[in-house]
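Text of target_30.txt, listed as compact mmCIF, C-alpha atoms:
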```txt
# COMPACT_ATOMS: atom_id res chain seq x y z
CA MET A 29 0.00 0.00 0.00
CA ASN A 30 1.19 3.50 -0.82
CA ASP A 31 2.23 5.48 2.28
CA THR A 32 0.80 8.68 0.81
CA LEU A 33 -2.58 7.00 0.32
CA ASP A 34 -2.51 5.70 3.89
CA PHE A 35 -1.68 9.18 5.15
CA GLN A 36 -4.43 10.78 3.02
CA SER A 37 -6.89 8.21 4.31
CA ALA A 38 -5.92 8.89 7.93
CA LEU A 39 -6.34 12.64 7.43
CA GLY A 40 -9.78 12.06 5.93
CA ASN A 41 -10.94 10.74 9.30
CA PHE A 42 -10.67 14.22 10.82
CA ILE A 43 -13.99 16.03 10.42
CA GLY A 44 -13.94 18.11 13.59
CA THR A 45 -11.83 18.51 16.68
CA GLU A 46 -12.11 17.59 20.32
CA GLN A 47 -9.27 19.79 21.51
CA TYR A 48 -7.27 22.83 20.42
CA TYR A 49 -3.48 23.01 20.60
CA PHE A 50 -1.19 26.03 20.53
CA ASN A 51 2.47 26.89 20.52
CA PRO A 52 3.57 29.45 23.12
CA LEU A 53 5.62 31.21 20.42
CA TYR A 54 2.45 32.20 18.56
CA LYS A 55 -0.38 32.00 21.06
CA TRP A 56 -2.78 33.78 18.71
CA MET A 57 -3.24 30.60 16.63
CA LYS A 58 -4.84 27.35 17.72
CA CYS A 59 -4.63 24.05 15.83
CA THR A 60 -7.12 21.21 15.60
CA ASP A 61 -6.63 17.49 16.18
CA GLY A 62 -6.18 16.95 12.43
CA VAL A 63 -3.48 19.61 12.13
CA LYS A 64 -1.68 18.16 15.14
CA PHE A 65 -1.82 14.72 13.48
CA PHE A 66 -0.44 16.20 10.25
CA ALA A 67 2.40 17.96 12.08
CA GLU A 68 3.35 14.79 13.95
CA ASN A 69 3.05 12.33 11.04
CA ALA A 70 3.84 14.09 7.75
CA GLY A 71 7.20 12.59 6.93
CA GLY A 72 9.46 12.92 9.96
CA GLY A 73 7.21 15.67 11.30
CA ALA A 74 5.95 18.94 9.88
CA TYR A 75 5.96 21.32 12.81
CA TRP A 76 8.01 23.59 10.56
CA LEU A 77 4.82 24.21 8.57
CA LEU A 78 2.99 25.35 11.70
CA ASP A 79 5.94 27.63 12.49
CA ILE A 80 5.72 29.27 9.06
CA ILE A 81 1.97 29.72 9.33
CA GLY A 82 2.14 30.87 12.94
CA THR A 83 4.85 33.45 12.35
CA GLU A 84 4.06 34.72 8.85
CA THR A 85 0.27 34.87 8.45
CA LYS A 86 -1.21 36.86 11.36
CA GLU A 87 -1.25 40.14 9.44
CA LEU A 88 -2.75 38.40 6.40
CA LEU A 89 -5.51 36.87 8.51
CA ASP A 90 -6.20 40.25 10.12
CA GLN A 91 -6.66 41.74 6.63
CA VAL A 92 -9.10 39.20 5.21
CA GLY A 93 -10.42 37.04 8.09
CA PHE A 94 -10.06 33.71 6.23
CA LEU A 95 -7.03 32.06 4.67
CA SER A 96 -6.87 29.02 2.44
CA ILE A 97 -3.48 27.32 2.70
CA GLU A 98 -2.15 24.78 0.25
CA LEU A 99 1.10 22.86 0.56
CA GLU A 100 2.01 21.13 -2.69
CA VAL A 101 4.79 18.54 -2.29
CA ASN A 102 6.68 16.94 -5.19
CA ASP A 103 10.08 15.26 -5.28
CA GLY A 104 11.12 16.38 -1.79
CA LYS A 105 10.33 20.05 -2.46
CA ALA A 106 7.21 22.03 -1.69
CA GLN A 107 5.37 25.17 -2.57
CA LEU A 108 3.24 26.87 0.07
CA ARG A 109 0.41 29.00 -1.35
CA ILE A 110 -1.93 31.12 0.73
CA THR A 111 -5.03 32.79 -0.66
CA ASP A 112 -7.92 34.72 0.81
CA GLY A 113 -10.37 31.89 0.15
CA ASP A 114 -11.52 33.50 -3.09
CA TYR A 115 -8.27 32.54 -4.86
CA LYS A 116 -6.67 35.97 -4.39
CA PRO A 117 -2.97 35.24 -3.71
CA MET A 118 -1.77 36.50 -0.34
CA MET A 119 1.57 34.71 0.04
CA SER A 120 3.74 32.11 -1.64
CA LYS A 121 6.86 30.40 -0.35
CA ALA A 122 9.17 27.80 -1.85
CA ILE A 123 10.35 25.05 0.49
CA GLY A 124 13.69 23.66 -0.72
CA PHE A 125 13.47 20.34 1.11
CA THR A 126 10.78 18.37 2.88
CA ASP A 127 10.11 14.76 3.71
CA CYS A 128 6.34 15.34 3.71
CA PRO A 129 4.48 12.84 1.57
CA ALA A 130 3.92 13.92 -2.02
CA GLY A 131 0.56 15.48 -2.69
CA THR A 132 -1.44 18.61 -2.09
CA TRP A 133 -2.35 19.27 1.53
CA LYS A 134 -5.08 21.81 2.25
CA PHE A 135 -5.76 23.81 5.37
CA PHE A 136 -7.95 26.73 6.41
CA LEU A 137 -7.10 29.43 8.93
CA VAL A 138 -10.20 31.15 10.27
CA ASP A 139 -10.93 32.83 13.60
CA SER A 140 -7.30 32.09 14.55
CA VAL A 141 -7.90 28.34 14.21
CA LEU A 142 -5.79 26.31 11.77
CA MET A 143 -7.65 23.25 10.54
CA LEU A 144 -7.60 20.64 7.83
CA SER A 145 -10.01 21.46 5.02
CA SER A 146 -12.07 18.41 6.10
CA GLU A 147 -12.48 19.92 9.57
CA TYR A 148 -14.12 23.13 8.33
```

Show how you would write the structure in this file as structure tokens.
Amino acid sequence: MNDTLDFQSALGNFIGTEQYYFNPLYKWMKCTDGVKFFAENAGGGAYWLLDIIGTETKELLDQVGFLSIELEVNDGKAQLRITDGDYKPMMSKAIGFTDCPAGTWKFFLVDSVLMLSSEY
């Protein structure tokens, strides 16, 4: 079985959250159970993604109130794209190396809560 498919399947089980998590470095943002699972299990761990979002998106969220976040991973590299939810680009960042599984991983940031798209 393909590890990426197993990971996608596991993420699909998150349709809400029972608890919120936060990092004391960026207390303004909370994460859901699904995001915590992603951060712990994407490759060797993807807390770096939460760090980028937590440190570089607060002003963007304050401007528009809703952010759609997409991490596209191919061949050990990634592209992070953030839009306002209506496809207006707000930020883009190239990631030179990642061990996240290949694929497109989607998140929403609304009301200072980062969630998987399936948890919205």

Length of the atom CA of Ala74 of chain A to atom CA of Ile43 of chain A vector [Å]: 20.2 Å

Residue contacts of Leu89 of chain A (12 Å, all atoms listed in the file) excluding same-chain residues fewer than 2 positions away, as a PyMOL selection string: chain A and resi 56-57+81-87+91-97+110-113+118-119+136-142

Best match for closeness to Glu147 of chain A among A:Ser37, A:Lys134, A:Ile123, A:Asp114, counting all atoms listed in the file: A:Lys134

Nearest to Gln47 of chain A, chosen from A:Lys105, A:Thr32, A:Ser145, A:Val63, with only C-alpha atoms counted in the distances: A:Val63

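For the residues A:Gly44, A:Pro52, A:Pro129, A:Pro117, ranking by smallest atom-to-atom distance to Leu88 of chain A using all atoms listed in the file places A:Pro117 first.
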
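Of the residues listed (A:Leu39, A:Leu78, A:Val101, A:Ala67), A:Val101 shows the shortest atom-to-atom separation from Ala130 of chain A; distances use all atoms listed in the file.
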